[in-house]
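Have a look at entry_37.cif below; it lists mmCIF, C-alpha atoms.
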data_start
#
loop_
_atom_site.label_atom_id
_atom_site.label_comp_id
_atom_site.auth_asym_id
_atom_site.auth_seq_id
_atom_site.Cartn_x
_atom_site.Cartn_y
_atom_site.Cartn_z
CA MET A 4 -8.08 -16.20 24.65
CA PRO A 5 -8.80 -16.31 20.89
CA LEU A 6 -9.73 -13.75 18.27
CA GLN A 7 -13.36 -14.22 17.25
CA GLY A 8 -15.87 -12.37 15.11
CA LEU A 9 -16.53 -10.15 12.15
CA PHE A 10 -14.75 -6.89 11.29
CA THR A 11 -14.79 -4.35 8.49
CA PRO A 12 -11.29 -3.19 7.52
CA PRO A 13 -10.72 0.36 6.31
CA GLY A 14 -11.11 1.04 2.61
CA ASP A 15 -8.15 -0.04 0.56
CA LYS A 16 -5.41 2.57 0.88
CA SER A 17 -3.89 2.01 -2.56
CA ILE A 18 -7.24 2.31 -4.35
CA SER A 19 -8.28 5.33 -2.23
CA HIS A 20 -5.14 7.27 -3.20
CA ARG A 21 -5.74 6.57 -6.88
CA LEU A 22 -9.45 7.48 -6.81
CA ILE A 23 -8.58 10.89 -5.40
CA LEU A 24 -5.54 11.70 -7.51
CA MET A 25 -7.00 10.40 -10.77
CA SER A 26 -9.96 12.74 -10.21
CA LEU A 27 -7.53 15.57 -10.99
CA LEU A 28 -7.50 14.30 -14.58
CA ALA A 29 -11.14 13.22 -14.94
CA LYS A 30 -14.47 14.87 -15.67
CA GLY A 31 -17.75 14.18 -13.92
CA GLU A 32 -18.48 13.51 -10.26
CA MET A 33 -18.44 10.37 -8.15
CA LEU A 34 -19.75 9.37 -4.71
CA VAL A 35 -17.07 7.21 -3.09
CA GLU A 36 -18.10 4.94 -0.22
CA GLY A 37 -15.56 3.41 2.13
CA LEU A 38 -12.64 5.68 1.30
CA SER A 39 -9.69 4.93 3.59
CA SER A 40 -9.77 7.03 6.76
CA GLY A 41 -6.00 6.85 7.31
CA GLN A 42 -3.68 9.83 7.48
CA ASP A 43 -1.92 9.00 4.20
CA VAL A 44 -5.14 9.12 2.18
CA ALA A 45 -6.16 12.30 4.01
CA THR A 46 -2.92 13.77 2.63
CA SER A 47 -3.94 12.94 -0.95
CA LEU A 48 -7.37 14.46 -0.32
CA ARG A 49 -5.87 17.62 1.14
CA LEU A 50 -3.58 18.09 -1.87
CA PHE A 51 -6.44 17.33 -4.27
CA ARG A 52 -8.30 20.28 -2.75
CA HIS A 53 -5.16 22.43 -2.68
CA LEU A 54 -4.76 21.93 -6.43
CA GLY A 55 -8.32 23.09 -7.05
CA GLY A 56 -10.25 19.85 -6.66
CA LYS A 57 -13.64 19.79 -4.96
CA ALA A 58 -14.59 17.10 -2.45
CA ILE A 59 -17.76 17.20 -0.31
CA ASP A 60 -18.54 14.94 2.63
CA GLU A 61 -21.94 13.33 2.20
CA ARG A 62 -23.92 10.80 4.15
CA GLY A 63 -22.48 7.46 3.13
CA GLY A 64 -19.25 8.75 1.59
CA ILE A 65 -17.43 11.60 -0.06
CA ARG A 66 -18.29 13.15 -3.41
CA LEU A 67 -15.36 13.90 -5.70
CA PHE A 68 -15.72 16.36 -8.56
CA GLY A 69 -13.36 15.74 -11.45
CA LEU A 70 -11.02 18.62 -12.22
CA GLU A 71 -10.50 17.69 -15.93
CA ARG A 72 -6.75 18.49 -15.80
CA ALA A 73 -7.54 22.15 -14.97
CA LEU A 74 -5.23 22.29 -11.94
CA ASN A 75 -5.07 25.64 -10.22
CA PRO A 76 -1.57 26.25 -8.82
CA GLN A 77 -2.72 29.58 -7.28
CA LYS A 78 0.85 30.87 -7.20
CA GLU A 79 4.30 30.25 -8.61
CA ASP A 80 6.38 27.38 -7.24
CA LEU A 81 3.50 25.80 -5.34
CA GLU A 82 4.69 23.78 -2.33
CA LEU A 83 2.79 20.54 -1.72
CA ASP A 84 3.35 18.76 1.60
CA CYS A 85 2.97 15.00 1.14
CA ALA A 86 3.55 14.38 4.87
CA ASN A 87 4.38 10.65 5.30
CA SER A 88 2.78 9.42 2.07
CA GLY A 89 5.19 8.09 -0.54
CA THR A 90 2.24 6.95 -2.67
CA THR A 91 0.91 10.51 -2.79
CA MET A 92 4.29 11.93 -3.78
CA ARG A 93 5.09 9.41 -6.50
CA LEU A 94 1.66 9.26 -8.15
CA LEU A 95 1.20 13.02 -7.96
CA ALA A 96 4.59 13.45 -9.63
CA GLY A 97 3.26 11.60 -12.67
CA ILE A 98 0.30 13.97 -12.91
CA LEU A 99 2.25 17.17 -12.28
CA ALA A 100 4.91 16.18 -14.84
CA GLY A 101 2.33 16.89 -17.56
CA THR A 102 0.77 19.93 -15.91
CA PRO A 103 2.09 23.46 -16.59
CA GLY A 104 3.61 25.08 -13.53
CA THR A 105 6.34 24.52 -10.99
CA TYR A 106 5.65 22.36 -7.96
CA LYS A 107 7.75 21.48 -4.93
CA LEU A 108 6.84 18.17 -3.29
CA ILE A 109 8.03 17.90 0.31
CA GLY A 110 7.46 15.36 3.07
CA ASP A 111 8.11 14.59 6.72
CA GLU A 112 11.40 13.27 8.07
CA GLN A 113 10.64 9.66 7.10
CA LEU A 114 9.45 10.48 3.59
CA SER A 115 12.42 12.79 3.05
CA ARG A 116 14.70 9.75 3.31
CA ARG A 117 12.91 7.72 0.65
CA PRO A 118 14.24 7.37 -2.93
CA MET A 119 12.56 9.45 -5.63
CA GLU A 120 14.92 9.11 -8.60
CA ARG A 121 13.18 5.87 -9.54
CA VAL A 122 10.13 7.96 -10.48
CA ALA A 123 11.99 11.13 -11.56
CA ASP A 124 14.07 9.33 -14.20
CA PRO A 125 11.24 8.09 -16.46
CA LEU A 126 9.35 11.38 -16.10
CA ARG A 127 12.45 13.30 -17.19
CA GLN A 128 12.69 11.03 -20.21
CA MET A 129 9.13 12.05 -21.05
CA GLY A 130 10.16 15.71 -21.02
CA ALA A 131 9.43 16.97 -17.51
CA LYS A 132 12.03 19.00 -15.62
CA ILE A 133 12.58 17.34 -12.24
CA ALA A 134 15.14 17.96 -9.53
CA THR A 135 15.67 15.96 -6.35
CA GLN A 136 17.99 16.42 -3.41
CA LEU A 137 20.56 13.66 -3.80
CA GLY A 138 17.78 11.43 -5.11
CA ARG A 139 15.39 12.19 -2.27
CA PRO A 140 12.71 14.80 -1.49
CA PRO A 141 12.11 17.61 -1.93
CA VAL A 142 11.13 16.95 -5.54
CA ILE A 143 10.80 20.05 -7.72
CA ILE A 144 8.78 19.52 -10.90
CA THR A 145 8.33 21.92 -13.79
CA GLY A 146 5.58 20.33 -15.81
CA GLY A 147 4.60 20.79 -19.41
CA ASN A 148 4.32 18.89 -22.66
CA LEU A 149 5.21 15.21 -22.35
CA ASN A 150 6.31 12.71 -24.96
CA PRO A 151 5.45 9.01 -24.90
CA ILE A 152 8.26 6.63 -23.92
CA ASP A 153 9.01 2.93 -23.79
CA TYR A 154 10.38 2.33 -20.29
CA GLN A 155 11.82 -0.73 -18.54
CA LEU A 156 11.32 -0.58 -14.77
CA LYS A 157 14.40 -1.34 -12.71
CA ASP A 158 12.43 -2.31 -9.58
CA ALA A 159 9.12 -4.00 -8.89
CA SER A 160 7.19 -0.85 -7.97
CA ALA A 161 3.47 -0.27 -8.47
CA GLN A 162 3.96 3.38 -7.50
CA VAL A 163 6.54 4.07 -10.21
CA LYS A 164 4.51 2.11 -12.77
CA GLY A 165 1.44 4.11 -11.75
CA ALA A 166 3.24 7.44 -12.09
CA ILE A 167 4.35 6.59 -15.64
CA LEU A 168 0.86 5.42 -16.63
CA LEU A 169 -0.72 8.62 -15.28
CA ALA A 170 1.87 10.70 -17.12
CA GLY A 171 1.15 8.65 -20.23
CA LEU A 172 -2.46 9.88 -20.11
CA LEU A 173 -1.05 13.38 -20.64
CA ALA A 174 1.59 12.57 -23.28
CA ASN A 175 1.37 13.83 -26.85
CA GLY A 176 1.84 11.74 -29.96
CA GLY A 177 0.93 8.18 -29.10
CA PRO A 178 1.00 5.45 -26.45
CA THR A 179 3.44 5.07 -23.57
CA ARG A 180 4.77 1.63 -22.67
CA VAL A 181 6.16 0.44 -19.35
CA THR A 182 7.59 -3.02 -18.76
CA GLU A 183 7.76 -4.49 -15.25
CA ILE A 184 10.34 -6.91 -13.90
CA ALA A 185 7.54 -8.70 -12.00
CA ASN A 186 3.79 -8.30 -11.69
CA THR A 187 2.84 -5.67 -9.09
CA ARG A 188 -0.51 -4.43 -7.80
CA ASN A 189 -2.56 -3.31 -10.78
CA HIS A 190 -4.98 -0.74 -9.38
CA THR A 191 -3.83 2.14 -11.60
CA GLU A 192 -4.37 0.33 -14.88
CA LEU A 193 -7.69 -1.17 -13.78
CA LEU A 194 -9.04 2.22 -12.70
CA ILE A 195 -7.85 3.95 -15.89
CA ASN A 196 -9.85 1.41 -17.91
CA TYR A 197 -12.81 1.63 -15.51
CA PHE A 198 -12.93 5.40 -16.00
CA GLY A 199 -12.90 5.14 -19.78
CA GLY A 200 -9.17 5.24 -20.55
CA LYS A 201 -7.22 2.54 -22.33
CA VAL A 202 -4.46 0.37 -20.88
CA THR A 203 -3.56 -2.99 -22.39
CA LYS A 204 -1.17 -5.61 -21.09
CA GLU A 205 0.93 -8.18 -22.92
CA GLY A 206 3.22 -10.22 -20.71
CA LEU A 207 4.87 -7.72 -18.38
CA THR A 208 4.41 -4.75 -20.74
CA LEU A 209 1.60 -2.27 -20.25
CA THR A 210 0.57 0.26 -22.89
CA VAL A 211 -1.44 3.38 -22.06
CA TRP A 212 -3.04 5.79 -24.55
CA PRO A 213 -3.62 9.53 -23.89
CA GLU A 214 -7.37 9.19 -23.41
CA PRO A 215 -9.72 11.36 -21.25
CA LEU A 216 -11.17 9.90 -18.04
CA THR A 217 -14.76 10.13 -16.79
CA LEU A 218 -15.68 9.35 -13.19
CA THR A 219 -18.42 6.80 -12.51
CA GLU A 220 -21.50 7.82 -10.54
CA ASN A 221 -20.70 5.63 -7.53
CA PHE A 222 -17.71 3.67 -6.24
CA LEU A 223 -17.57 1.25 -3.31
CA THR A 224 -13.99 0.96 -2.06
CA PRO A 225 -13.06 -2.62 -1.12
CA GLY A 226 -11.49 -3.31 2.27
CA ASP A 227 -7.71 -3.07 2.56
CA PRO A 228 -5.99 -6.50 2.64
CA SER A 229 -2.82 -4.99 4.11
CA SER A 230 -4.82 -3.78 7.11
CA ALA A 231 -6.96 -6.90 7.47
CA ALA A 232 -3.82 -9.06 7.38
CA PHE A 233 -3.02 -8.35 11.05
CA PHE A 234 -6.26 -9.81 12.44
CA LEU A 235 -6.44 -12.60 9.84
CA THR A 236 -2.87 -13.68 10.57
CA GLY A 237 -3.50 -13.42 14.30
CA ALA A 238 -6.40 -15.84 13.86
CA ALA A 239 -4.10 -18.30 12.08
CA LEU A 240 -1.72 -18.20 15.06
CA ILE A 241 -3.87 -18.14 18.18
CA PRO A 242 -5.70 -21.39 19.13
CA GLY A 243 -9.48 -21.22 18.94
CA SER A 244 -9.51 -18.14 16.70
CA LYS A 245 -11.76 -17.49 13.72
CA VAL A 246 -12.26 -14.04 12.18
CA THR A 247 -13.96 -12.75 9.05
CA ALA A 248 -13.04 -9.59 7.13
CA LYS A 249 -16.07 -8.08 5.37
CA ASP A 250 -15.95 -6.76 1.80
CA LEU A 251 -12.22 -7.32 1.42
CA LEU A 252 -10.33 -6.70 -1.81
CA GLN A 253 -9.50 -10.13 -3.27
CA SER A 254 -7.16 -9.14 -6.09
CA PRO A 255 -4.49 -11.84 -6.55
CA ALA A 256 -1.93 -9.03 -6.72
CA ARG A 257 -2.78 -8.11 -3.12
CA THR A 258 -3.65 -11.39 -1.38
CA GLY A 259 -0.36 -13.25 -1.51
CA PHE A 260 -0.35 -13.33 2.30
CA LEU A 261 -3.52 -15.47 2.27
CA ARG A 262 -1.87 -17.98 -0.04
CA VAL A 263 1.12 -18.11 2.30
CA LEU A 264 -1.06 -18.63 5.38
CA HIS A 265 -2.90 -21.44 3.61
CA ARG A 266 0.40 -23.01 2.60
CA MET A 267 1.53 -22.83 6.22
CA GLY A 268 -1.59 -24.73 7.33
CA ALA A 269 -4.16 -22.10 8.28
CA GLN A 270 -7.80 -22.55 7.29
CA VAL A 271 -8.64 -19.86 4.72
CA SER A 272 -11.95 -19.38 2.92
CA LEU A 273 -13.10 -16.68 0.47
CA THR A 274 -16.56 -15.66 -0.71
CA MET A 275 -16.72 -13.21 -3.61
CA THR A 276 -19.60 -10.70 -3.72
CA SER A 277 -18.45 -8.44 -6.60
CA ASP A 278 -15.82 -8.49 -9.34
CA THR A 279 -16.03 -4.97 -10.85
CA PRO A 280 -13.69 -3.14 -11.13
CA GLU A 281 -11.86 -5.48 -8.76
CA PRO A 282 -12.89 -8.66 -6.91
CA MET A 283 -14.14 -8.22 -3.34
CA GLY A 284 -15.95 -10.27 -0.73
CA ASP A 285 -15.64 -11.85 2.70
CA VAL A 286 -12.48 -13.63 3.86
CA THR A 287 -12.37 -15.95 6.87
CA VAL A 288 -9.23 -17.33 8.54
CA ALA A 289 -9.39 -19.86 11.36
CA TYR A 290 -6.79 -21.56 13.52
CA ASN A 291 -6.08 -25.05 12.20
CA GLY A 292 -3.23 -26.21 14.41
CA PRO A 293 0.41 -25.09 14.54
CA LEU A 294 1.76 -23.53 11.37
CA THR A 295 4.49 -25.06 9.23
CA ALA A 296 7.40 -23.06 7.78
CA THR A 297 7.51 -22.19 4.10
CA GLU A 298 9.61 -20.32 1.54
CA ILE A 299 8.41 -17.12 -0.10
CA PRO A 300 10.21 -16.81 -3.47
CA ALA A 301 11.12 -13.43 -4.97
CA GLU A 302 8.33 -13.55 -7.57
CA GLU A 303 5.73 -13.84 -4.77
CA VAL A 304 7.03 -10.86 -2.78
CA PRO A 305 5.24 -8.05 -4.72
CA SER A 306 1.86 -9.59 -3.82
CA LEU A 307 2.60 -9.42 -0.08
CA ILE A 308 5.29 -6.76 0.39
CA ASP A 309 3.28 -4.82 3.00
CA GLU A 310 2.34 -7.99 4.88
CA ILE A 311 5.90 -9.24 5.42
CA PRO A 312 6.12 -7.84 8.98
CA ILE A 313 3.08 -9.80 10.20
CA LEU A 314 4.03 -12.86 8.14
CA ALA A 315 7.50 -12.68 9.68
CA PHE A 316 5.89 -12.85 13.10
CA ALA A 317 3.78 -15.82 11.95
CA ALA A 318 7.03 -17.49 10.90
CA THR A 319 8.38 -17.16 14.45
CA GLN A 320 5.57 -19.49 15.57
CA ALA A 321 5.82 -21.96 12.66
CA GLN A 322 7.69 -25.23 12.80
CA GLY A 323 10.88 -25.04 10.74
CA LEU A 324 12.78 -22.45 8.70
CA THR A 325 10.81 -19.79 6.81
CA ILE A 326 12.69 -17.84 4.13
CA PHE A 327 11.65 -14.59 2.45
CA ARG A 328 13.69 -14.15 -0.74
CA GLN A 329 14.90 -10.80 -2.12
CA VAL A 330 13.00 -8.49 0.20
CA ASP A 331 15.39 -5.55 -0.20
CA GLU A 332 12.41 -3.28 -0.99
CA LEU A 333 11.76 -3.35 2.78
CA ARG A 334 14.90 -1.31 3.33
CA ILE A 335 13.29 1.80 1.79
CA LYS A 336 9.92 1.83 3.50
CA GLU A 337 9.01 4.17 6.39
CA THR A 338 12.02 2.69 8.16
CA ASP A 339 14.60 0.11 7.18
CA ARG A 340 11.78 -2.34 7.76
CA LEU A 341 14.01 -5.36 7.21
CA MET A 342 16.32 -4.42 10.07
CA SER A 343 13.40 -3.37 12.26
CA ILE A 344 11.78 -6.78 11.81
CA ARG A 345 15.03 -8.47 12.79
CA HIS A 346 15.61 -6.32 15.86
CA GLN A 347 12.07 -6.23 17.25
CA LEU A 348 11.20 -9.89 16.65
CA GLY A 349 14.65 -10.74 18.01
CA ALA A 350 13.79 -8.79 21.16
CA LEU A 351 10.84 -11.16 21.60
CA GLY A 352 13.17 -14.14 21.43
CA ALA A 353 12.82 -15.03 17.76
CA ARG A 354 15.70 -16.52 15.77
CA VAL A 355 15.87 -14.04 12.88
CA LYS A 356 18.70 -13.61 10.41
CA VAL A 357 19.25 -11.35 7.41
CA GLU A 358 21.70 -12.51 4.75
CA GLY A 359 22.02 -10.18 1.80
CA ASP A 360 18.45 -9.43 0.76
CA ASP A 361 16.95 -12.61 2.26
CA LEU A 362 15.18 -12.95 5.61
CA TYR A 363 15.44 -16.22 7.56
CA ILE A 364 13.25 -17.08 10.57
CA GLU A 365 13.53 -20.32 12.55
CA GLY A 366 10.48 -21.34 14.59
CA PRO A 367 8.77 -21.93 16.82
CA THR A 368 9.84 -19.19 19.24
CA SER A 369 9.50 -19.29 23.01
CA PHE A 370 8.70 -15.69 23.88
CA MET A 371 10.95 -13.42 25.86
CA ILE A 372 9.30 -10.23 27.04
CA PRO A 373 11.49 -7.10 27.06
CA LYS A 374 10.62 -3.90 28.92
CA GLU A 375 9.41 -2.28 25.69
CA LEU A 376 9.36 -2.62 21.92
CA ASP A 377 10.08 0.09 19.35
CA SER A 378 8.17 0.31 16.07
CA GLY A 379 10.33 3.17 14.80
CA SER A 380 7.02 4.96 14.04
CA ASP A 381 6.37 2.41 11.28
CA HIS A 382 2.61 1.75 11.26
CA ARG A 383 2.87 -1.80 9.91
CA LEU A 384 5.53 -2.80 12.40
CA ALA A 385 3.52 -1.24 15.24
CA MET A 386 0.46 -3.34 14.37
CA THR A 387 2.63 -6.45 13.99
CA LEU A 388 4.04 -5.92 17.48
CA ALA A 389 0.53 -5.44 18.88
CA ILE A 390 -0.52 -8.85 17.50
CA ALA A 391 2.74 -10.37 18.75
CA LEU A 392 2.10 -9.16 22.29
CA LEU A 393 -1.43 -10.52 22.08
CA ALA A 394 -0.09 -13.95 21.13
CA ALA A 395 2.55 -13.71 23.86
CA LYS A 396 -0.09 -12.66 26.43
CA ALA A 397 2.07 -9.69 27.37
CA LYS A 398 1.43 -6.00 27.97
CA ILE A 399 4.42 -3.73 27.43
CA PRO A 400 4.78 -0.35 25.72
CA ILE A 401 5.23 -0.12 21.94
CA LEU A 402 7.12 3.05 21.15
CA GLY A 403 5.81 4.92 18.11
CA GLU A 404 2.47 3.09 18.07
CA GLU A 405 0.66 6.36 17.32
CA SER A 406 1.83 5.81 13.72
CA ILE A 407 -0.94 3.19 13.36
CA GLY A 408 -3.25 6.09 12.44
CA ILE A 409 -1.38 6.45 9.14
CA SER A 410 -3.32 3.50 7.74
CA TYR A 411 -5.70 2.08 10.36
CA PRO A 412 -7.15 4.58 12.87
CA ASP A 413 -9.68 2.03 14.19
CA PHE A 414 -7.12 -0.74 14.73
CA LYS A 415 -7.15 -0.73 18.54
CA ALA A 416 -10.93 -0.47 18.79
CA GLN A 417 -11.44 -3.36 16.38
CA LEU A 418 -8.79 -5.43 18.14
CA SER A 419 -10.64 -4.95 21.43
CA GLY A 420 -13.87 -6.02 19.74
CA LEU A 421 -12.35 -9.25 18.40
CA TRP A 422 -10.34 -10.24 21.47
CA VAL A 423 -12.26 -12.74 23.63
CA ASP A 424 -11.16 -12.77 27.29
#

What's the structure tokens form of this structure?
Amino acid sequence: MPLQGLFTPPGDKSISHRLILMSLLAKGEMLVEGLSSGQDVATSLRLFRHLGGKAIDERGGIRLFGLERALNPQKEDLELDCANSGTTMRLLAGILAGTPGTYKLIGDEQLSRRPMERVADPLRQMGAKIATQLGRPPVIITGGNLNPIDYQLKDASAQVKGAILLAGLLANGGPTRVTEIANTRNHTELLINYFGGKVTKEGLTLTVWPEPLTLTENFLTPGDPSSAAFFLTGAALIPGSKVTAKDLLQSPARTGFLRVLHRMGAQVSLTMTSDTPEPMGDVTVAYNGPLTATEIPAEEVPSLIDEIPILAFAATQAQGLTIFRQVDELRIKETDRLMSIRHQLGALGARVKVEGDDLYIEGPTSFMIPKELDSGSDHRLAMTLAIALLAAKAKIPILGEESIGISYPDFKAQLSGLWVD
């Protein structure tokens, strides 16, 4: 019973967040097609409107009207509920740091456990007043005049990098520089340049100038690789499978999981249809026999951090020992994703071990089927477990699977459309 056919993944979540939030700083108007329909992006859109932004649903997309930095707090100490979206909270912090007013960023129970000092620290150095609660939300920001800084990131984080770059657009007196410890997804810098700003890169150092932004007339959002990864990886695992993701983002910073699947023996083919502002096109993955184990080194992790749950499941079916190096970033996702992977794949019979910050998986696994699985309301783990049960030909409850709507509301419907009985 293979996976077969064509599917269109939701618009890329990372790009969708940035299109909305950067419109707070830009002039002009833009019709966006394919904006992500997930709950996290809906949160960014809601806060965009709450801050005075205008967004109108139109046939074929949503029209965003740039606010040109003229945010309207409406009242003192404006409270902004970021729900479950860490991307919204961190990127918005960079914008609000340079915006007069006092803002309180709050989130749900999961988001309230996630670290925020990593973004508060550089913004304080730029001159913003920021308070956290023991390093976590709520985050209270009193924005105002910012100064440029030269900042060395302590973690590989595209969200923190993005927050600093957005704040740098508002800084007075020259360029802001941020140096990464490893290359991370580069959507913020590409979009700043696409909208008329200026970001340059030399090695791991990015430099942003305080330039105005202007929205383009139209924008087609590429498909989200992190969402497509579940069906594409399922096709690599299940005999007789072949699936194609339409109009998928093909940025090397986001498609590390495809390189890993190819290395493990899957048949992977890409056709590019556009390269501006980012490469996109169709991606096909087909079953090509049993997979072989591999090692994912630390420098490869940023390009596939969100795909580690489904790749970890793929490793349970591969011959040999697969190792994911230095994946400690998983500990501060919606859940302690590293421990959740170990426990839930272990419940299916997998031989999974965590040593320090490394994840070890010995395959192939003969499935055991428990009475239920628990995603911990982590959307990526819930989708991973759904593919795992498909491969195991089992039907048991997945607790917390309603969280899938955070990033992929159409997941179940598309899965039903691809599954051939």

Can you spell out as number ranges by chain the set of residues that the PyMOL selection byres ((chain A and resi 177) around 8) selects in the structure I just provided?
A: 151, 174-176, 178-179, 212-213

Quick one: residues within 7 Å of stretch 379-381 of chain A, all atoms listed in the file counted, chain neighbours fewer than 5 positions away excluded, as an NGL selection string?
:A and (337-338 or 403-404 or 406)

Can you write out the residues you just picked, keeping C-alpha atoms, as a PDB file, keeping the file's coordinate frame?
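Below is the file out_12.pdb, written as the result:
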ATOM      1  CA  GLU A 337       9.010   4.170   6.390  1.00  0.00           C
ATOM      2  CA  THR A 338      12.020   2.690   8.160  1.00  0.00           C
ATOM      3  CA  GLY A 403       5.810   4.920  18.110  1.00  0.00           C
ATOM      4  CA  GLU A 404       2.470   3.090  18.070  1.00  0.00           C
ATOM      5  CA  SER A 406       1.830   5.810  13.720  1.00  0.00           C
TER       6      SER A 406
END

Given the PyMOL selection byres ((chain A and resi 358-362) around 9), the residues it picks as a ChimeraX atom specification:
/A:315,325-332,341,345,355-357,363-364

Provide the atom CA of A:Lys157 to atom CA of A:Pro228 distance in Å, to one decimal place.
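Rounded to one decimal, the two atoms are 26.0 Å apart.
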
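Nearest residue to A:Asp339 among A:Pro312, A:Pro400, A:Gly323, A:Gly408 is A:Pro312, counting all atoms listed in the file.
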
The PyMOL selection byres ((chain A and resi 295) around 9) - which residues does that actually catch in the file I just gave you? List them as an MDAnalysis selection string.
chainID A and resid 266:268 293:294 296:297 318 320:325 366

Using only C-alpha atoms, please write the residues we just selected to a file, as a PDB file, in the coordinates of the input.
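Contents of the output file again-v1.pdb:
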ATOM      1  CA  ARG A 266       0.400 -23.010   2.600  1.00  0.00           C
ATOM      2  CA  MET A 267       1.530 -22.830   6.220  1.00  0.00           C
ATOM      3  CA  GLY A 268      -1.590 -24.730   7.330  1.00  0.00           C
ATOM      4  CA  PRO A 293       0.410 -25.090  14.540  1.00  0.00           C
ATOM      5  CA  LEU A 294       1.760 -23.530  11.370  1.00  0.00           C
ATOM      6  CA  ALA A 296       7.400 -23.060   7.780  1.00  0.00           C
ATOM      7  CA  THR A 297       7.510 -22.190   4.100  1.00  0.00           C
ATOM      8  CA  ALA A 318       7.030 -17.490  10.900  1.00  0.00           C
ATOM      9  CA  GLN A 320       5.570 -19.490  15.570  1.00  0.00           C
ATOM     10  CA  ALA A 321       5.820 -21.960  12.660  1.00  0.00           C
ATOM     11  CA  GLN A 322       7.690 -25.230  12.800  1.00  0.00           C
ATOM     12  CA  GLY A 323      10.880 -25.040  10.740  1.00  0.00           C
ATOM     13  CA  LEU A 324      12.780 -22.450   8.700  1.00  0.00           C
ATOM     14  CA  THR A 325      10.810 -19.790   6.810  1.00  0.00           C
ATOM     15  CA  GLY A 366      10.480 -21.340  14.590  1.00  0.00           C
TER      16      GLY A 366
END
